[in-house]
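The data block below is upload_29.cif; it holds mmCIF, C-alpha atoms.
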```
data_run
loop_
_atom_site.group_PDB
_atom_site.id
_atom_site.type_symbol
_atom_site.label_atom_id
_atom_site.label_comp_id
_atom_site.auth_asym_id
_atom_site.auth_seq_id
_atom_site.Cartn_x
_atom_site.Cartn_y
_atom_site.Cartn_z
ATOM 1 C CA MET A 266 8.899 13.645 -19.029
ATOM 2 C CA ARG A 267 9.362 12.794 -15.358
ATOM 3 C CA THR A 268 6.554 12.019 -12.938
ATOM 4 C CA LYS A 269 6.115 13.382 -9.452
ATOM 5 C CA LYS A 270 8.481 11.806 -6.931
ATOM 6 C CA GLU A 271 7.450 8.881 -4.738
ATOM 7 C CA GLU A 272 9.446 7.813 -1.689
ATOM 8 C CA CYS A 273 9.692 4.214 -0.517
ATOM 9 C CA ILE A 274 11.624 2.357 2.168
ATOM 10 C CA ILE A 275 13.941 -0.559 1.475
ATOM 11 C CA ASP A 276 12.863 -3.458 3.669
ATOM 12 C CA GLU A 277 15.088 -5.851 5.600
ATOM 13 C CA MET A 278 15.307 -8.172 2.570
ATOM 14 C CA GLY A 279 16.496 -5.442 0.218
ATOM 15 C CA ARG A 280 13.109 -5.070 -1.466
ATOM 16 C CA VAL A 281 11.366 -1.893 -2.535
ATOM 17 C CA PHE A 282 7.658 -1.450 -3.278
ATOM 18 C CA LEU A 283 6.793 -0.153 -6.753
ATOM 19 C CA PRO A 284 3.802 2.255 -6.611
ATOM 20 C CA SER A 285 0.755 1.045 -8.535
ATOM 21 C CA LEU A 286 0.601 4.218 -10.658
ATOM 22 C CA PHE A 287 4.242 3.725 -11.692
ATOM 23 C CA MET A 288 3.459 0.114 -12.619
ATOM 24 C CA GLN A 289 0.553 1.301 -14.757
ATOM 25 C CA LEU A 290 2.523 4.048 -16.486
ATOM 26 C CA THR A 291 5.360 1.666 -17.371
ATOM 27 C CA LYS A 292 2.971 -1.197 -18.215
ATOM 28 C CA LEU A 293 4.588 -3.508 -15.693
ATOM 29 C CA GLU A 294 2.693 -6.192 -13.813
ATOM 30 C CA THR A 295 3.348 -8.495 -10.902
ATOM 31 C CA ASN A 296 5.451 -11.552 -11.843
ATOM 32 C CA ASP A 297 7.069 -9.620 -14.716
ATOM 33 C CA LYS A 298 10.831 -9.940 -15.118
ATOM 34 C CA VAL A 299 12.721 -6.646 -15.339
ATOM 35 C CA PHE A 300 16.242 -5.375 -15.967
ATOM 36 C CA LEU A 301 18.045 -3.433 -13.243
ATOM 37 C CA ARG A 302 21.142 -1.431 -14.086
ATOM 38 C CA SER A 303 23.080 1.520 -12.751
ATOM 39 C CA CYS A 304 23.461 4.875 -14.462
ATOM 40 C CA ASP A 305 25.347 7.616 -12.614
ATOM 41 C CA ASP A 306 23.417 8.197 -9.354
ATOM 42 C CA TRP A 307 20.416 6.187 -10.493
ATOM 43 C CA ILE A 308 19.234 2.591 -10.550
ATOM 44 C CA ILE A 309 17.069 2.006 -13.613
ATOM 45 C CA ILE A 310 14.257 -0.567 -13.779
ATOM 46 C CA ASP A 311 13.206 -1.473 -17.301
ATOM 47 C CA HIS A 312 11.278 -4.160 -19.170
ATOM 48 C CA HIS A 313 13.042 -7.466 -19.654
ATOM 49 C CA ASP A 314 13.558 -8.391 -23.303
ATOM 50 C CA GLU A 315 14.428 -12.062 -23.767
ATOM 51 C CA ASN A 316 15.838 -11.317 -27.216
ATOM 52 C CA VAL A 317 18.452 -8.907 -25.892
ATOM 53 C CA PRO A 318 21.732 -10.352 -24.524
ATOM 54 C CA VAL A 319 22.242 -9.459 -20.873
ATOM 55 C CA PRO A 320 25.621 -7.848 -20.075
ATOM 56 C CA SER A 321 27.227 -8.696 -16.740
ATOM 57 C CA HIS A 322 26.386 -5.301 -15.240
ATOM 58 C CA ILE A 323 22.637 -5.769 -15.803
ATOM 59 C CA PHE A 324 20.551 -7.803 -13.381
ATOM 60 C CA ILE A 325 17.242 -9.593 -13.932
ATOM 61 C CA ARG A 326 14.695 -9.719 -11.133
ATOM 62 C CA THR A 327 10.986 -10.585 -10.848
ATOM 63 C CA ILE A 328 8.305 -8.275 -9.431
ATOM 64 C CA ASP A 329 6.540 -10.285 -6.728
ATOM 65 C CA HIS A 330 2.790 -10.573 -6.099
ATOM 66 C CA MET A 331 2.869 -7.498 -3.824
ATOM 67 C CA SER A 332 4.631 -5.288 -6.412
ATOM 68 C CA ARG A 333 7.978 -5.540 -4.636
ATOM 69 C CA ILE A 334 11.338 -6.042 -6.277
ATOM 70 C CA VAL A 335 14.668 -7.055 -4.773
ATOM 71 C CA ILE A 336 17.488 -4.614 -5.429
ATOM 72 C CA PRO A 337 20.559 -6.795 -6.149
ATOM 73 C CA LYS A 338 23.076 -6.780 -3.313
ATOM 74 C CA SER A 339 25.894 -5.501 -5.514
ATOM 75 C CA LEU A 340 23.772 -2.467 -6.470
ATOM 76 C CA ARG A 341 22.821 -1.910 -2.835
ATOM 77 C CA ASP A 342 26.511 -2.004 -1.940
ATOM 78 C CA ASP A 343 27.468 0.350 -4.784
ATOM 79 C CA TYR A 344 24.866 2.918 -3.746
ATOM 80 C CA GLU A 345 25.255 2.306 0.005
ATOM 81 C CA LEU A 346 21.619 1.302 0.358
ATOM 82 C CA LYS A 347 20.743 -0.333 3.669
ATOM 83 C CA PRO A 348 17.498 -1.719 5.114
ATOM 84 C CA PHE A 349 15.064 1.086 6.043
ATOM 85 C CA ASP A 350 16.845 3.647 3.856
ATOM 86 C CA TYR A 351 14.557 5.831 1.778
ATOM 87 C CA VAL A 352 14.763 5.847 -2.010
ATOM 88 C CA GLU A 353 13.214 8.327 -4.428
ATOM 89 C CA LEU A 354 11.355 6.872 -7.406
ATOM 90 C CA TYR A 355 10.284 8.510 -10.665
ATOM 91 C CA VAL A 356 8.990 7.365 -14.034
ATOM 92 C CA VAL A 357 11.106 8.623 -16.943
ATOM 93 C CA GLU A 358 10.374 7.541 -20.516
ATOM 94 C CA GLN A 359 8.629 4.265 -19.611
ATOM 95 C CA GLN A 360 11.307 3.384 -17.047
ATOM 96 C CA ILE A 361 11.226 3.481 -13.264
ATOM 97 C CA VAL A 362 14.334 5.160 -11.886
ATOM 98 C CA MET A 363 15.404 5.358 -8.261
ATOM 99 C CA LYS A 364 18.142 6.787 -6.122
ATOM 100 C CA LYS A 365 18.937 7.048 -2.444
ATOM 101 C CA ARG A 366 17.176 9.954 -0.796
ATOM 102 C CA ASP A 367 19.461 12.853 -0.007
ATOM 103 C CA GLU A 368 20.823 12.730 3.562
ATOM 104 C CA LYS A 369 19.776 16.348 4.110
ATOM 105 C CA SER A 370 16.181 15.422 3.331
ATOM 106 C CA ILE A 371 16.354 12.580 5.826
ATOM 107 C CA ALA A 372 17.750 14.868 8.513
ATOM 108 C CA LEU A 373 14.983 17.398 7.931
ATOM 109 C CA SER A 374 12.293 14.755 8.256
ATOM 110 C CA GLN A 375 11.328 14.308 11.874
ATOM 111 C CA LYS A 376 9.464 11.133 11.048
ATOM 112 C CA PRO A 377 8.074 9.383 7.971
ATOM 113 C CA ALA A 378 4.956 11.006 6.595
ATOM 114 C CA ALA A 379 1.760 9.336 7.709
ATOM 115 C CA PRO A 380 0.435 7.054 4.981
ATOM 116 C CA PRO A 381 -2.599 8.451 3.167
ATOM 117 C CA PRO A 382 -5.939 6.993 4.256
ATOM 118 C CA TYR A 383 -7.632 4.315 2.188
ATOM 119 C CA TYR A 384 -11.212 4.971 1.130
ATOM 120 C CA ALA A 385 -13.852 2.293 0.616
ATOM 121 C CA THR A 386 -17.513 2.606 -0.287
ATOM 122 C CA LEU A 387 -19.934 0.166 1.308
ATOM 123 C CA THR A 388 -21.471 -2.091 -1.325
ATOM 124 C CA GLY A 389 -24.453 -3.837 0.167
ATOM 125 C CA ARG A 390 -23.027 -4.964 3.517
ATOM 126 C CA GLN A 391 -19.373 -5.179 2.490
ATOM 127 C CA ILE A 392 -16.294 -3.046 1.992
ATOM 128 C CA GLN A 393 -13.499 -3.968 -0.401
ATOM 129 C CA LEU A 394 -10.047 -4.035 1.190
ATOM 130 C CA THR A 395 -6.695 -4.743 -0.455
ATOM 131 C CA SER A 396 -3.973 -7.292 0.178
ATOM 132 C CA GLU A 397 -1.443 -4.506 0.753
ATOM 133 C CA LEU A 398 -3.647 -2.754 3.321
ATOM 134 C CA LEU A 399 -4.345 -5.975 5.224
ATOM 135 C CA THR A 400 -0.722 -7.110 5.198
ATOM 136 C CA SER A 401 0.372 -3.782 6.687
ATOM 137 C CA VAL A 402 -1.641 -4.552 9.853
ATOM 138 C CA GLU A 403 -0.887 -8.299 9.850
ATOM 139 C CA LEU A 404 -4.276 -9.337 8.504
ATOM 140 C CA ASP A 405 -5.092 -11.487 5.488
ATOM 141 C CA ALA A 406 -7.883 -13.132 3.532
ATOM 142 C CA ASN A 407 -9.929 -15.788 5.370
ATOM 143 C CA MET A 408 -8.919 -14.324 8.731
ATOM 144 C CA GLU A 409 -11.392 -13.690 11.557
ATOM 145 C CA VAL A 410 -11.501 -10.126 12.886
ATOM 146 C CA GLN A 411 -13.211 -8.405 15.810
ATOM 147 C CA PHE A 412 -14.963 -5.045 15.867
ATOM 148 C CA PHE A 413 -14.382 -2.460 18.595
ATOM 149 C CA ILE A 414 -15.255 1.190 19.211
ATOM 150 C CA ASN A 415 -12.468 3.608 20.162
ATOM 151 C CA GLN A 416 -12.618 6.775 22.253
ATOM 152 C CA GLU A 417 -13.173 8.875 19.113
ATOM 153 C CA ASN A 418 -16.305 6.796 18.427
ATOM 154 C CA ASN A 419 -14.856 5.154 15.334
ATOM 155 C CA ILE A 420 -15.039 1.486 14.389
ATOM 156 C CA VAL A 421 -11.793 -0.420 14.992
ATOM 157 C CA ILE A 422 -10.976 -3.747 13.344
ATOM 158 C CA GLN A 423 -8.270 -6.075 14.568
ATOM 159 C CA LYS A 424 -7.300 -9.736 14.465
ATOM 160 C CA TYR A 425 -9.549 -12.031 16.490
ATOM 161 C CA GLU A 426 -7.940 -12.839 19.836
ATOM 162 C CA MET A 427 -9.171 -14.700 22.900
ATOM 163 C CA SER A 428 -7.762 -12.327 25.512
ATOM 164 C CA PHE A 429 -9.651 -11.855 28.750
ATOM 165 C CA GLY A 430 -8.818 -9.205 31.318
ATOM 166 C CA LYS A 431 -6.495 -7.350 28.950
ATOM 167 C CA LYS A 432 -6.442 -3.594 29.613
ATOM 168 C CA THR A 433 -7.669 -1.575 26.652
ATOM 169 C CA THR A 434 -9.348 1.729 25.871
ATOM 170 C CA LEU A 435 -11.483 0.026 23.219
ATOM 171 C CA THR A 436 -15.079 -1.035 23.714
ATOM 172 C CA PHE A 437 -15.802 -4.522 22.398
ATOM 173 C CA THR A 438 -18.951 -4.751 20.277
ATOM 174 C CA ALA A 439 -19.289 -8.557 20.553
ATOM 175 C CA GLN A 440 -19.181 -8.619 16.755
ATOM 176 C CA SER A 441 -16.751 -10.570 14.587
ATOM 177 C CA ARG A 442 -16.576 -11.478 10.905
ATOM 178 C CA LYS A 443 -14.227 -13.257 8.502
ATOM 179 C CA ILE A 444 -12.451 -11.473 5.639
ATOM 180 C CA ASP A 445 -13.316 -13.447 2.515
ATOM 181 C CA ASP A 446 -10.853 -14.759 -0.065
ATOM 182 C CA ARG A 447 -11.372 -11.640 -2.212
ATOM 183 C CA PHE A 448 -10.429 -9.298 0.665
ATOM 184 C CA ARG A 449 -14.025 -8.225 1.307
ATOM 185 C CA LEU A 450 -15.331 -7.656 4.817
ATOM 186 C CA THR A 451 -18.948 -7.533 5.965
ATOM 187 C CA ILE A 452 -19.806 -4.748 8.409
ATOM 188 C CA PRO A 453 -22.217 -6.231 11.001
ATOM 189 C CA LYS A 454 -25.805 -4.961 10.837
ATOM 190 C CA LYS A 455 -25.659 -3.693 14.430
ATOM 191 C CA LEU A 456 -22.744 -1.417 13.562
ATOM 192 C CA ARG A 457 -24.305 -0.332 10.277
ATOM 193 C CA ASP A 458 -27.427 0.686 12.191
ATOM 194 C CA ASP A 459 -25.568 2.330 15.100
ATOM 195 C CA PHE A 460 -23.361 4.406 12.776
ATOM 196 C CA SER A 461 -25.997 5.007 10.069
ATOM 197 C CA ILE A 462 -23.826 3.246 7.507
ATOM 198 C CA HIS A 463 -25.637 2.006 4.421
ATOM 199 C CA SER A 464 -24.805 0.874 0.907
ATOM 200 C CA GLY A 465 -23.062 3.774 -0.826
ATOM 201 C CA THR A 466 -21.578 5.241 2.373
ATOM 202 C CA MET A 467 -17.913 6.170 2.015
ATOM 203 C CA LEU A 468 -15.526 5.131 4.789
ATOM 204 C CA LYS A 469 -12.055 6.467 5.487
ATOM 205 C CA ILE A 470 -9.770 3.652 6.660
ATOM 206 C CA LYS A 471 -6.628 4.467 8.617
ATOM 207 C CA LYS A 472 -3.909 2.164 9.939
ATOM 208 C CA SER A 473 -2.824 2.173 13.573
ATOM 209 C CA ASN A 474 -0.370 -0.492 14.716
ATOM 210 C CA LYS A 475 -2.226 -3.748 14.013
ATOM 211 C CA GLN A 476 -5.630 -2.132 13.631
ATOM 212 C CA LEU A 477 -7.799 -0.625 10.924
ATOM 213 C CA ILE A 478 -9.848 2.394 11.979
ATOM 214 C CA LEU A 479 -13.052 3.089 10.043
ATOM 215 C CA GLU A 480 -14.453 6.596 9.977
ATOM 216 C CA LYS A 481 -17.619 7.582 8.147
ATOM 217 C CA VAL A 482 -16.965 10.334 5.578
ATOM 218 C CA GLU A 483 -19.660 12.994 5.742
ATOM 219 C CA ASN A 484 -17.870 16.031 4.310
ATOM 220 C CA GLU A 485 -19.191 16.563 0.778
ATOM 221 C CA LYS A 486 -15.950 18.179 -0.440
ATOM 222 C CA GLU A 487 -13.896 15.218 0.785
ATOM 223 C CA ILE A 488 -16.292 12.762 -0.875
ATOM 224 C CA SER A 489 -16.126 14.686 -4.171
ATOM 225 C CA SER A 490 -12.326 14.861 -4.004
ATOM 226 C CA VAL A 491 -11.982 11.122 -3.369
ATOM 227 C CA LEU A 492 -14.413 10.229 -6.152
ATOM 228 C CA SER A 493 -12.524 12.508 -8.540
ATOM 229 C CA GLN A 494 -9.206 10.837 -7.651
ATOM 230 C CA GLN A 495 -10.728 7.379 -8.112
ATOM 231 C CA ILE A 496 -12.069 8.353 -11.537
ATOM 232 C CA ASP A 497 -8.656 9.757 -12.546
ATOM 233 C CA ALA A 498 -6.950 6.555 -11.388
ATOM 234 C CA ALA A 499 -9.426 4.452 -13.362
ATOM 235 C CA ILE A 500 -8.763 6.535 -16.490
ATOM 236 C CA VAL A 501 -4.979 6.159 -16.080
ATOM 237 C CA GLU A 502 -5.386 2.405 -15.636
ATOM 238 C CA LYS A 503 -7.581 2.146 -18.720
ATOM 239 C CA LEU A 504 -5.214 4.219 -20.852
ATOM 240 C CA SER A 505 -2.216 2.169 -19.741
ATOM 241 C CA LYS A 506 -3.738 -1.090 -20.990
#
```
The structure in this file should be written as structure tokens.
Amino acid sequence: MRTKKEECIIDEMGRVFLPSLFMQLTKLETNDKVFLRSCDDWIIIDHHDENVPVPSHIFIRTIDHMSRIVIPKSLRDDYELKPFDYVELYVVEQQIVMKKRDEKSIALSQKPAAPPPYYATLTGRQIQLTSELLTSVELDANMEVQFFINQENNIVIQKYEMSFGKKTTLTFTAQSRKIDDRFRLTIPKKLRDDFSIHSGTMLKIKKSNKQLILEKVENEKEISSVLSQQIDAAIVEKLSK
């Protein structure tokens, strides 16, 4: 059985991000060692077995703390994979398989698809963010952030900067907070009151350059859909353990 396709970009260091669902389905975790080998048009990623001798054509690599893995240079050369190329990933029989995306597909794509929004539900005064989400906008744990309001009347979060007189379309709220070491962020009371955000409120979080944009979710169908997806993901995670 083969899963639905995921597409990822090879970064400048030859790494590719392994989707969390694929990690769960193949029972892989960060810091695991894996085999990489070629098979026809595919690169296959499989569990590392220390009891099995490793032939010269098989490579061993470690999945890093952000679920990335380096594709060996010789494999990148063989498959003509360059930084910022797209690869297609699938799960087949407990293995992750990948290949270079077809050139015709690349030509038909005007631009990469916008990443799906991240949803977080306010718990008390805080929202739970993720390392991956923060890294994508150059934020991290224990970092101070500022809160702004954009022209669409959404909350905008960005890295704390002492910049006076800088032209911007954002309205500064005079509010700032620190992301804690567990990637949680407190929404200031003034903003919670102004936007009628309370514990249990769902927020849609989008990325824009080096900013996170928070939008209150009020559509009941969207809330139900997100909750259903979160429940399904939790079930998959539980079954994979």
Within 9 Å of A:Gln393 using all atoms listed in the file, minus same-chain residues under 5 positions, as a ChimeraX atom specification: /A:385-388,447-450
Using the chain letters and residue numbers of this document, give as a ChimeraX atom specification the residues selected by the PyMOL selection byres ((chain A and resi 421) around 12). /A:410-420,422-425,434-438,440-441,452,456,469-480
Take the residues from that selection and put them in a file with C-alpha atoms, as an mmCIF file, in the coordinates of the input.
```
data_model
loop_
_atom_site.group_PDB
_atom_site.id
_atom_site.type_symbol
_atom_site.label_atom_id
_atom_site.label_comp_id
_atom_site.auth_asym_id
_atom_site.auth_seq_id
_atom_site.Cartn_x
_atom_site.Cartn_y
_atom_site.Cartn_z
ATOM 1 C CA VAL A 410 -11.501 -10.126 12.886
ATOM 2 C CA GLN A 411 -13.211 -8.405 15.810
ATOM 3 C CA PHE A 412 -14.963 -5.045 15.867
ATOM 4 C CA PHE A 413 -14.382 -2.460 18.595
ATOM 5 C CA ILE A 414 -15.255 1.190 19.211
ATOM 6 C CA ASN A 415 -12.468 3.608 20.162
ATOM 7 C CA GLN A 416 -12.618 6.775 22.253
ATOM 8 C CA GLU A 417 -13.173 8.875 19.113
ATOM 9 C CA ASN A 418 -16.305 6.796 18.427
ATOM 10 C CA ASN A 419 -14.856 5.154 15.334
ATOM 11 C CA ILE A 420 -15.039 1.486 14.389
ATOM 12 C CA ILE A 422 -10.976 -3.747 13.344
ATOM 13 C CA GLN A 423 -8.270 -6.075 14.568
ATOM 14 C CA LYS A 424 -7.300 -9.736 14.465
ATOM 15 C CA TYR A 425 -9.549 -12.031 16.490
ATOM 16 C CA THR A 434 -9.348 1.729 25.871
ATOM 17 C CA LEU A 435 -11.483 0.026 23.219
ATOM 18 C CA THR A 436 -15.079 -1.035 23.714
ATOM 19 C CA PHE A 437 -15.802 -4.522 22.398
ATOM 20 C CA THR A 438 -18.951 -4.751 20.277
ATOM 21 C CA GLN A 440 -19.181 -8.619 16.755
ATOM 22 C CA SER A 441 -16.751 -10.570 14.587
ATOM 23 C CA ILE A 452 -19.806 -4.748 8.409
ATOM 24 C CA LEU A 456 -22.744 -1.417 13.562
ATOM 25 C CA LYS A 469 -12.055 6.467 5.487
ATOM 26 C CA ILE A 470 -9.770 3.652 6.660
ATOM 27 C CA LYS A 471 -6.628 4.467 8.617
ATOM 28 C CA LYS A 472 -3.909 2.164 9.939
ATOM 29 C CA SER A 473 -2.824 2.173 13.573
ATOM 30 C CA ASN A 474 -0.370 -0.492 14.716
ATOM 31 C CA LYS A 475 -2.226 -3.748 14.013
ATOM 32 C CA GLN A 476 -5.630 -2.132 13.631
ATOM 33 C CA LEU A 477 -7.799 -0.625 10.924
ATOM 34 C CA ILE A 478 -9.848 2.394 11.979
ATOM 35 C CA LEU A 479 -13.052 3.089 10.043
ATOM 36 C CA GLU A 480 -14.453 6.596 9.977
#
```
Computed interatomic separation between atom CA of A:Lys486 and atom CA of A:Arg390 (Å): 24.5 Å
Check what the PyMOL selection byres ((chain A and resi 305) around 12) selects in the file above and give those residues as a PyMOL selection string. chain A and resi 302-304+306-309+340+343-344+362-364
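Run against this file, the PyMOL selection byres ((chain A and resi 273-275) around 7) gives back Glu271, Glu272, Asp276, Glu277, Gly279, Arg280, Val281, Phe282, Pro348, Phe349, Asp350, Tyr351, Val352 and Glu353 of chain A.
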Take atom CA of A:Phe460 and atom CA of A:Ile488 and report the distance between them in Å, one decimal.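 Value for the atom CA of A:Phe460-atom CA of A:Ile488 distance: 17.5 Å.
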Tell me, as JSON, numbers by chain, which residues lie within 6 Å of stretch 295-297 of chain A, counting all atoms listed in the file; anything in the same chain fewer than 5 positions away does not count. {"A": [327, 328, 329, 330, 332]}
Out of A:Ile310, A:Ile444, A:Leu293, A:Ile462, which residue has the shortest atom-to-atom distance to A:Gln360 when counting all atoms listed in the file?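 Smallest separation from A:Gln360 among the options: A:Ile310.
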Could you jot down the atom CA of A:Leu468 to atom CA of A:Met288 separation for me, Å, one decimal place?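 Computed distance, atom CA of A:Leu468 to atom CA of A:Met288, equals 26.2 Å.
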Keeping just all heavy atoms, export stretch 417-426 of chain A of this structure as an mmCIF file, in the first residue's frame.
```
data_model
loop_
_atom_site.group_PDB
_atom_site.id
_atom_site.type_symbol
_atom_site.label_atom_id
_atom_site.label_comp_id
_atom_site.auth_asym_id
_atom_site.auth_seq_id
_atom_site.Cartn_x
_atom_site.Cartn_y
_atom_site.Cartn_z
ATOM 1 N N GLU A 417 -5.596 43.958 8.097
ATOM 2 C CA GLU A 417 -6.758 43.054 8.090
ATOM 3 C C GLU A 417 -7.300 42.838 9.500
ATOM 4 O O GLU A 417 -8.166 42.004 9.719
ATOM 5 C CB GLU A 417 -6.376 41.701 7.476
ATOM 6 C CG GLU A 417 -6.147 41.728 5.969
ATOM 7 C CD GLU A 417 -4.834 42.409 5.594
ATOM 8 O OE1 GLU A 417 -3.842 42.243 6.346
ATOM 9 O OE2 GLU A 417 -4.804 43.113 4.572
ATOM 10 N N ASN A 418 -6.752 43.593 10.456
ATOM 11 C CA ASN A 418 -7.163 43.510 11.863
ATOM 12 C C ASN A 418 -6.881 42.134 12.464
ATOM 13 O O ASN A 418 -7.683 41.585 13.220
ATOM 14 C CB ASN A 418 -8.647 43.862 12.034
ATOM 15 C CG ASN A 418 -8.964 44.280 13.475
ATOM 16 O OD1 ASN A 418 -8.154 44.933 14.133
ATOM 17 N ND2 ASN A 418 -10.131 43.891 13.967
ATOM 18 N N ASN A 419 -5.722 41.590 12.115
ATOM 19 C CA ASN A 419 -5.253 40.348 12.714
ATOM 20 C C ASN A 419 -4.020 40.637 13.571
ATOM 21 O O ASN A 419 -3.302 41.616 13.337
ATOM 22 C CB ASN A 419 -4.890 39.319 11.637
ATOM 23 C CG ASN A 419 -6.107 38.849 10.871
ATOM 24 O OD1 ASN A 419 -7.170 38.639 11.443
ATOM 25 N ND2 ASN A 419 -5.963 38.683 9.564
ATOM 26 N N ILE A 420 -3.784 39.777 14.539
ATOM 27 C CA ILE A 420 -2.605 39.924 15.395
ATOM 28 C C ILE A 420 -1.374 39.418 14.642
ATOM 29 O O ILE A 420 -1.404 38.346 14.036
ATOM 30 C CB ILE A 420 -2.782 39.131 16.702
ATOM 31 C CG1 ILE A 420 -3.994 39.654 17.488
ATOM 32 C CG2 ILE A 420 -1.520 39.208 17.562
ATOM 33 C CD1 ILE A 420 -4.362 38.794 18.684
ATOM 34 N N VAL A 421 -0.300 40.192 14.689
ATOM 35 C CA VAL A 421 0.954 39.819 14.035
ATOM 36 C C VAL A 421 2.042 39.717 15.100
ATOM 37 O O VAL A 421 2.182 40.599 15.948
ATOM 38 C CB VAL A 421 1.358 40.857 12.966
ATOM 39 C CG1 VAL A 421 2.712 40.501 12.354
ATOM 40 C CG2 VAL A 421 0.291 40.948 11.888
ATOM 41 N N ILE A 422 2.806 38.637 15.031
ATOM 42 C CA ILE A 422 3.902 38.407 15.977
ATOM 43 C C ILE A 422 5.212 38.402 15.208
ATOM 44 O O ILE A 422 5.330 37.743 14.170
ATOM 45 C CB ILE A 422 3.728 37.050 16.693
ATOM 46 C CG1 ILE A 422 2.427 37.033 17.495
ATOM 47 C CG2 ILE A 422 4.914 36.759 17.600
ATOM 48 C CD1 ILE A 422 2.058 35.651 17.995
ATOM 49 N N GLN A 423 6.187 39.128 15.716
ATOM 50 C CA GLN A 423 7.506 39.093 15.095
ATOM 51 C C GLN A 423 8.579 39.314 16.151
ATOM 52 O O GLN A 423 8.298 39.724 17.280
ATOM 53 C CB GLN A 423 7.628 40.131 13.983
ATOM 54 C CG GLN A 423 7.586 41.576 14.432
ATOM 55 C CD GLN A 423 7.690 42.542 13.254
ATOM 56 O OE1 GLN A 423 7.133 42.310 12.189
ATOM 57 N NE2 GLN A 423 8.406 43.632 13.452
ATOM 58 N N LYS A 424 9.814 39.034 15.776
ATOM 59 C CA LYS A 424 10.943 39.150 16.687
ATOM 60 C C LYS A 424 11.055 40.570 17.236
ATOM 61 O O LYS A 424 10.854 41.544 16.515
ATOM 62 C CB LYS A 424 12.237 38.776 15.949
ATOM 63 C CG LYS A 424 13.482 38.770 16.811
ATOM 64 C CD LYS A 424 14.682 38.333 15.987
ATOM 65 C CE LYS A 424 15.962 38.350 16.802
ATOM 66 N NZ LYS A 424 17.132 37.939 15.981
ATOM 67 N N TYR A 425 11.372 40.663 18.520
ATOM 68 C CA TYR A 425 11.495 41.972 19.170
ATOM 69 C C TYR A 425 12.663 42.742 18.562
ATOM 70 O O TYR A 425 13.781 42.246 18.477
ATOM 71 C CB TYR A 425 11.725 41.788 20.668
ATOM 72 C CG TYR A 425 11.677 43.081 21.452
ATOM 73 C CD1 TYR A 425 10.508 43.498 22.063
ATOM 74 C CD2 TYR A 425 12.812 43.883 21.571
ATOM 75 C CE1 TYR A 425 10.454 44.682 22.782
ATOM 76 C CE2 TYR A 425 12.773 45.067 22.282
ATOM 77 C CZ TYR A 425 11.591 45.462 22.885
ATOM 78 O OH TYR A 425 11.547 46.640 23.583
ATOM 79 N N GLU A 426 12.386 43.961 18.122
ATOM 80 C CA GLU A 426 13.420 44.810 17.534
ATOM 81 C C GLU A 426 13.255 46.239 18.037
ATOM 82 O O GLU A 426 12.133 46.746 18.129
ATOM 83 C CB GLU A 426 13.338 44.802 16.002
ATOM 84 C CG GLU A 426 13.682 43.463 15.369
ATOM 85 C CD GLU A 426 13.587 43.509 13.855
ATOM 86 O OE1 GLU A 426 13.000 44.491 13.338
ATOM 87 O OE2 GLU A 426 14.083 42.588 13.190
#
```
